Amino acid sequence: MNRPPDREHLDEQMVKMEVNLDDISGEWLGHVMDLLFESGANDVFYTPIYMKKNRPGVLLQLLCSQQEISKMKKILFAETTTLGIRYYPLTVHRLERSFFNVNTQWGEVTMKRGIHEGLTLQQAPEYEDCRKIAVQNNIPLKRVYEEVWKCLGEVIEK
C-alpha cells in the first residue's frame, strides 16, 4: 500500500466505494476487509443497515486511490455476494503527521501527532505499541495509555 505523504495536503485522487450486503456471513466480511487492506484500501468499514423488505444488512464502504478501483472491484465481486458497486470521487484533507517516542516504565511508545497550519491538533499513542506492552507485562491496556499520558505530561512540563 502506498502511504500518503506526512505533510498536510488535499488528496483529490480518492474514491469511496460501497456495496449493500444482506446475505453474507461475518466471517466472510472479516476476510474481505483483510483482502481489501492488503490490496491497498486506505480504510474499510461496515455499517448495519435495513434494506428493502426491512431485511437487515451491512453497508461495506472503503476508501482507496483511483488507481486501485480495478483491484477493489475484483475483490468485491469475487469475495462478496454483491451484484453492484457504487463509487464516488472524494477529496481527503490529510493533516501533517509526525511521530515521536515517549518512554514509559515498561518501554517506548510511539506517539502520532496531527498538525494543521503548524499547530498540533491531535496526538495519540500507537495502539500496537500499547497493546504489546500490556500483553508483555500482563497489565490492562488502559493502564498503559494512562502511563503514556502521564509521561507525556512530564515531558511537556520540562
# chains A, B, ... in the order shown; residues from 1 in each chain; ligands from 1
>>> select_by_dssp(residues="segment 52-145 of chain A", states="helix (DSSP H, G or I)", output="number ranges by chain")
A: 52-54, 66-79, 127-137, 141-145
>>> write_last_selection(atoms="C-alpha atoms", output="short mmCIF file (atom, residue, chain, number, x, y, z; two decimals), in the first residue's frame")
data_model
loop_
_atom_site.label_atom_id
_atom_site.label_comp_id
_atom_site.auth_asym_id
_atom_site.auth_seq_id
_atom_site.Cartn_x
_atom_site.Cartn_y
_atom_site.Cartn_z
CA LYS A 52 -35.86 -3.31 1.12
CA LYS A 53 -38.50 -5.54 2.69
CA ASN A 54 -36.91 -4.49 6.03
CA GLN A 66 -8.45 5.98 -8.11
CA GLN A 67 -5.60 3.73 -9.29
CA GLU A 68 -6.88 0.93 -7.01
CA ILE A 69 -10.50 0.83 -8.26
CA SER A 70 -10.00 -2.18 -10.51
CA LYS A 71 -8.36 -4.25 -7.73
CA MET A 72 -11.11 -3.34 -5.26
CA LYS A 73 -13.88 -4.22 -7.75
CA LYS A 74 -12.32 -7.63 -8.41
CA ILE A 75 -12.23 -8.39 -4.68
CA LEU A 76 -15.77 -7.14 -4.02
CA PHE A 77 -17.28 -9.13 -6.89
CA ALA A 78 -15.28 -12.29 -6.18
CA GLU A 79 -15.49 -12.33 -2.38
CA TYR A 127 -2.25 1.18 19.69
CA GLU A 128 0.07 -1.69 18.70
CA ASP A 129 2.88 -0.38 20.94
CA CYS A 130 0.48 -0.06 23.88
CA ARG A 131 -1.08 -3.47 23.25
CA LYS A 132 2.33 -5.15 23.10
CA ILE A 133 3.36 -3.59 26.44
CA ALA A 134 0.03 -4.60 28.04
CA VAL A 135 0.39 -8.21 26.92
CA GLN A 136 4.08 -8.49 27.84
CA ASN A 137 3.51 -7.02 31.29
CA LEU A 141 -4.38 -1.72 28.12
CA LYS A 142 -5.99 1.34 29.69
CA ARG A 143 -3.21 1.40 32.31
CA VAL A 144 -0.61 1.65 29.54
CA TYR A 145 -2.50 4.56 27.96
#
>>> residues_around(residues="Leu90 of chain A", least_positions_apart="2", cutoff="12 Å", atoms="only C-alpha atoms", output="PyMOL selection string")
chain A and resi 10-17+62-66+87-88+92-93
>>> residues_around(residues="Val44 of chain A", least_positions_apart="4", cutoff="8 Å", atoms="only C-alpha atoms", output="VMD selection string")
chain A and resid 33 36 to 37 60 to 63
>>> write_last_selection(atoms="N, CA and C atoms", output="PDB file, in the first residue's frame")
ATOM      1  N   MET A  33     -12.405  -7.671   4.415  1.00  0.00           N
ATOM      2  CA  MET A  33     -11.713  -6.497   4.945  1.00  0.00           C
ATOM      3  C   MET A  33     -10.206  -6.691   4.855  1.00  0.00           C
ATOM      4  N   LEU A  36      -9.032  -6.383   1.232  1.00  0.00           N
ATOM      5  CA  LEU A  36      -9.084  -5.008   0.736  1.00  0.00           C
ATOM      6  C   LEU A  36      -7.914  -4.193   1.274  1.00  0.00           C
ATOM      7  N   PHE A  37      -7.619  -4.321   2.575  1.00  0.00           N
ATOM      8  CA  PHE A  37      -6.476  -3.606   3.142  1.00  0.00           C
ATOM      9  C   PHE A  37      -5.167  -4.072   2.499  1.00  0.00           C
ATOM     10  N   LEU A  60     -20.927  -2.070   3.301  1.00  0.00           N
ATOM     11  CA  LEU A  60     -19.470  -2.132   3.289  1.00  0.00           C
ATOM     12  C   LEU A  60     -18.990  -0.928   2.499  1.00  0.00           C
ATOM     13  N   GLN A  61     -18.135  -0.113   3.111  1.00  0.00           N
ATOM     14  CA  GLN A  61     -17.574   1.045   2.435  1.00  0.00           C
ATOM     15  C   GLN A  61     -16.059   0.992   2.536  1.00  0.00           C
ATOM     16  N   LEU A  62     -15.400   1.515   1.509  1.00  0.00           N
ATOM     17  CA  LEU A  62     -13.947   1.583   1.537  1.00  0.00           C
ATOM     18  C   LEU A  62     -13.482   2.840   0.848  1.00  0.00           C
ATOM     19  N   LEU A  63     -12.310   3.293   1.252  1.00  0.00           N
ATOM     20  CA  LEU A  63     -11.645   4.419   0.609  1.00  0.00           C
ATOM     21  C   LEU A  63     -10.370   3.904  -0.037  1.00  0.00           C
TER      22      LEU A  63
END
>>> residues_around(residues="Pro48 of chain A", least_positions_apart="3", cutoff="8 Å", atoms="only C-alpha atoms", output="PyMOL selection string")
chain A and resi 56-59
>>> write_last_selection(atoms="all heavy atoms", output="PDB file, in the first residue's frame")
ATOM      1  N   PRO A  56     -32.349  -6.925   7.395  1.00  0.00           N
ATOM      2  CA  PRO A  56     -31.098  -6.390   7.944  1.00  0.00           C
ATOM      3  C   PRO A  56     -29.949  -6.694   6.992  1.00  0.00           C
ATOM      4  O   PRO A  56     -29.919  -7.744   6.342  1.00  0.00           O
ATOM      5  CB  PRO A  56     -30.922  -7.121   9.271  1.00  0.00           C
ATOM      6  CG  PRO A  56     -31.833  -8.295   9.219  1.00  0.00           C
ATOM      7  CD  PRO A  56     -32.872  -8.032   8.172  1.00  0.00           C
ATOM      8  N   GLY A  57     -29.038  -5.776   6.909  1.00  0.00           N
ATOM      9  CA  GLY A  57     -27.893  -5.954   6.028  1.00  0.00           C
ATOM     10  C   GLY A  57     -26.698  -5.171   6.536  1.00  0.00           C
ATOM     11  O   GLY A  57     -26.708  -4.607   7.629  1.00  0.00           O
ATOM     12  N   VAL A  58     -25.671  -5.129   5.704  1.00  0.00           N
ATOM     13  CA  VAL A  58     -24.430  -4.428   6.027  1.00  0.00           C
ATOM     14  C   VAL A  58     -24.055  -3.557   4.841  1.00  0.00           C
ATOM     15  O   VAL A  58     -24.104  -4.005   3.695  1.00  0.00           O
ATOM     16  CB  VAL A  58     -23.293  -5.449   6.301  1.00  0.00           C
ATOM     17  CG1 VAL A  58     -21.955  -4.740   6.469  1.00  0.00           C
ATOM     18  CG2 VAL A  58     -23.610  -6.297   7.517  1.00  0.00           C
ATOM     19  N   LEU A  59     -23.683  -2.315   5.143  1.00  0.00           N
ATOM     20  CA  LEU A  59     -23.118  -1.429   4.138  1.00  0.00           C
ATOM     21  C   LEU A  59     -21.604  -1.505   4.286  1.00  0.00           C
ATOM     22  O   LEU A  59     -21.063  -1.120   5.315  1.00  0.00           O
ATOM     23  CB  LEU A  59     -23.601   0.010   4.346  1.00  0.00           C
ATOM     24  CG  LEU A  59     -22.953   1.094   3.478  1.00  0.00           C
ATOM     25  CD1 LEU A  59     -23.235   0.856   2.001  1.00  0.00           C
ATOM     26  CD2 LEU A  59     -23.444   2.471   3.906  1.00  0.00           C
TER      27      LEU A  59
END
>>> closest_residue(among="A:Val19, A:Thr104, A:Thr80, A:Glu126", to="Val148 of chain A", atoms="only C-alpha atoms")
A:Thr104
>>> atom_distance(atom1="atom CA of Leu152 of chain A", atom2="atom CA of Gln122 of chain A")
13.5 Å
>>> residues_around(residues="segment 115-119 of chain A", least_positions_apart="4", cutoff="9 Å", atoms="only C-alpha atoms", output="list of chain:residue names")
A:Arg7, A:Glu8, A:Arg94, A:Leu95, A:Glu96, A:Arg97, A:Ser98, A:Gln123
>>> decode(residues="segment 124-135 of chain A", atoms="all heavy atoms", output="PDB file, in the first residue's frame")
ATOM      1  N   ALA A 124      -1.815  10.935  19.715  1.00  0.00           N
ATOM      2  CA  ALA A 124      -2.290   9.694  20.312  1.00  0.00           C
ATOM      3  C   ALA A 124      -1.192   8.648  20.302  1.00  0.00           C
ATOM      4  O   ALA A 124      -0.382   8.594  19.374  1.00  0.00           O
ATOM      5  CB  ALA A 124      -3.500   9.177  19.535  1.00  0.00           C
ATOM      6  N   PRO A 125      -1.180   7.807  21.336  1.00  0.00           N
ATOM      7  CA  PRO A 125      -0.242   6.687  21.348  1.00  0.00           C
ATOM      8  C   PRO A 125      -0.614   5.675  20.272  1.00  0.00           C
ATOM      9  O   PRO A 125      -1.795   5.504  19.952  1.00  0.00           O
ATOM     10  CB  PRO A 125      -0.434   6.063  22.736  1.00  0.00           C
ATOM     11  CG  PRO A 125      -1.279   7.007  23.514  1.00  0.00           C
ATOM     12  CD  PRO A 125      -2.001   7.865  22.534  1.00  0.00           C
ATOM     13  N   GLU A 126       0.388   5.025  19.707  1.00  0.00           N
ATOM     14  CA  GLU A 126       0.131   3.969  18.729  1.00  0.00           C
ATOM     15  C   GLU A 126      -0.411   2.746  19.464  1.00  0.00           C
ATOM     16  O   GLU A 126       0.222   2.221  20.389  1.00  0.00           O
ATOM     17  CB  GLU A 126       1.407   3.614  17.959  1.00  0.00           C
ATOM     18  CG  GLU A 126       1.830   4.682  16.963  1.00  0.00           C
ATOM     19  CD  GLU A 126       0.895   4.795  15.772  1.00  0.00           C
ATOM     20  OE1 GLU A 126       0.155   3.839  15.453  1.00  0.00           O
ATOM     21  OE2 GLU A 126       0.908   5.862  15.146  1.00  0.00           O
ATOM     22  N   TYR A 127      -1.561   2.298  19.048  1.00  0.00           N
ATOM     23  CA  TYR A 127      -2.249   1.185  19.687  1.00  0.00           C
ATOM     24  C   TYR A 127      -1.371  -0.064  19.790  1.00  0.00           C
ATOM     25  O   TYR A 127      -1.294  -0.695  20.842  1.00  0.00           O
ATOM     26  CB  TYR A 127      -3.539   0.865  18.925  1.00  0.00           C
ATOM     27  CG  TYR A 127      -4.115  -0.481  19.273  1.00  0.00           C
ATOM     28  CD1 TYR A 127      -4.777  -0.676  20.486  1.00  0.00           C
ATOM     29  CD2 TYR A 127      -3.980  -1.565  18.413  1.00  0.00           C
ATOM     30  CE1 TYR A 127      -5.293  -1.918  20.819  1.00  0.00           C
ATOM     31  CE2 TYR A 127      -4.486  -2.804  18.737  1.00  0.00           C
ATOM     32  CZ  TYR A 127      -5.140  -2.977  19.942  1.00  0.00           C
ATOM     33  OH  TYR A 127      -5.641  -4.210  20.270  1.00  0.00           O
ATOM     34  N   GLU A 128      -0.707  -0.445  18.697  1.00  0.00           N
ATOM     35  CA  GLU A 128       0.074  -1.688  18.699  1.00  0.00           C
ATOM     36  C   GLU A 128       1.191  -1.653  19.740  1.00  0.00           C
ATOM     37  O   GLU A 128       1.470  -2.669  20.387  1.00  0.00           O
ATOM     38  CB  GLU A 128       0.637  -1.989  17.310  1.00  0.00           C
ATOM     39  CG  GLU A 128      -0.410  -2.433  16.302  1.00  0.00           C
ATOM     40  CD  GLU A 128      -1.136  -3.724  16.673  1.00  0.00           C
ATOM     41  OE1 GLU A 128      -0.561  -4.582  17.395  1.00  0.00           O
ATOM     42  OE2 GLU A 128      -2.290  -3.876  16.257  1.00  0.00           O
ATOM     43  N   ASP A 129       1.844  -0.499  19.911  1.00  0.00           N
ATOM     44  CA  ASP A 129       2.880  -0.383  20.943  1.00  0.00           C
ATOM     45  C   ASP A 129       2.277  -0.592  22.325  1.00  0.00           C
ATOM     46  O   ASP A 129       2.827  -1.319  23.161  1.00  0.00           O
ATOM     47  CB  ASP A 129       3.548   1.002  20.906  1.00  0.00           C
ATOM     48  CG  ASP A 129       4.430   1.229  19.693  1.00  0.00           C
ATOM     49  OD1 ASP A 129       4.582   0.307  18.861  1.00  0.00           O
ATOM     50  OD2 ASP A 129       4.977   2.344  19.582  1.00  0.00           O
ATOM     51  N   CYS A 130       1.141   0.051  22.573  1.00  0.00           N
ATOM     52  CA  CYS A 130       0.483  -0.062  23.883  1.00  0.00           C
ATOM     53  C   CYS A 130      -0.008  -1.487  24.129  1.00  0.00           C
ATOM     54  O   CYS A 130       0.145  -2.028  25.228  1.00  0.00           O
ATOM     55  CB  CYS A 130      -0.675   0.924  23.981  1.00  0.00           C
ATOM     56  SG  CYS A 130      -0.160   2.651  24.003  1.00  0.00           S
ATOM     57  N   ARG A 131      -0.579  -2.090  23.117  1.00  0.00           N
ATOM     58  CA  ARG A 131      -1.080  -3.466  23.249  1.00  0.00           C
ATOM     59  C   ARG A 131       0.059  -4.426  23.574  1.00  0.00           C
ATOM     60  O   ARG A 131      -0.064  -5.291  24.445  1.00  0.00           O
ATOM     61  CB  ARG A 131      -1.779  -3.884  21.959  1.00  0.00           C
ATOM     62  CG  ARG A 131      -2.366  -5.267  22.019  1.00  0.00           C
ATOM     63  CD  ARG A 131      -3.005  -5.630  20.678  1.00  0.00           C
ATOM     64  NE  ARG A 131      -3.390  -7.007  20.674  1.00  0.00           N
ATOM     65  CZ  ARG A 131      -2.561  -8.046  20.509  1.00  0.00           C
ATOM     66  NH1 ARG A 131      -1.275  -7.828  20.318  1.00  0.00           N
ATOM     67  NH2 ARG A 131      -2.996  -9.282  20.520  1.00  0.00           N
ATOM     68  N   LYS A 132       1.175  -4.278  22.879  1.00  0.00           N
ATOM     69  CA  LYS A 132       2.333  -5.149  23.103  1.00  0.00           C
ATOM     70  C   LYS A 132       2.823  -5.023  24.547  1.00  0.00           C
ATOM     71  O   LYS A 132       3.092  -6.039  25.207  1.00  0.00           O
ATOM     72  CB  LYS A 132       3.452  -4.771  22.125  1.00  0.00           C
ATOM     73  CG  LYS A 132       4.682  -5.631  22.217  1.00  0.00           C
ATOM     74  CD  LYS A 132       5.705  -5.189  21.170  1.00  0.00           C
ATOM     75  CE  LYS A 132       7.010  -5.920  21.354  1.00  0.00           C
ATOM     76  NZ  LYS A 132       8.037  -5.420  20.435  1.00  0.00           N
ATOM     77  N   ILE A 133       2.926  -3.807  25.054  1.00  0.00           N
ATOM     78  CA  ILE A 133       3.357  -3.589  26.439  1.00  0.00           C
ATOM     79  C   ILE A 133       2.362  -4.218  27.413  1.00  0.00           C
ATOM     80  O   ILE A 133       2.750  -4.867  28.387  1.00  0.00           O
ATOM     81  CB  ILE A 133       3.535  -2.079  26.719  1.00  0.00           C
ATOM     82  CG1 ILE A 133       4.813  -1.583  26.043  1.00  0.00           C
ATOM     83  CG2 ILE A 133       3.567  -1.791  28.219  1.00  0.00           C
ATOM     84  CD1 ILE A 133       5.006  -0.077  26.115  1.00  0.00           C
ATOM     85  N   ALA A 134       1.062  -4.042  27.158  1.00  0.00           N
ATOM     86  CA  ALA A 134       0.032  -4.597  28.042  1.00  0.00           C
ATOM     87  C   ALA A 134       0.133  -6.120  28.112  1.00  0.00           C
ATOM     88  O   ALA A 134       0.101  -6.703  29.202  1.00  0.00           O
ATOM     89  CB  ALA A 134      -1.352  -4.173  27.559  1.00  0.00           C
ATOM     90  N   VAL A 135       0.296  -6.755  26.967  1.00  0.00           N
ATOM     91  CA  VAL A 135       0.387  -8.214  26.920  1.00  0.00           C
ATOM     92  C   VAL A 135       1.671  -8.698  27.595  1.00  0.00           C
ATOM     93  O   VAL A 135       1.650  -9.619  28.416  1.00  0.00           O
ATOM     94  CB  VAL A 135       0.303  -8.721  25.463  1.00  0.00           C
ATOM     95  CG1 VAL A 135       0.661 -10.195  25.358  1.00  0.00           C
ATOM     96  CG2 VAL A 135      -1.088  -8.460  24.897  1.00  0.00           C
TER      97      VAL A 135
END
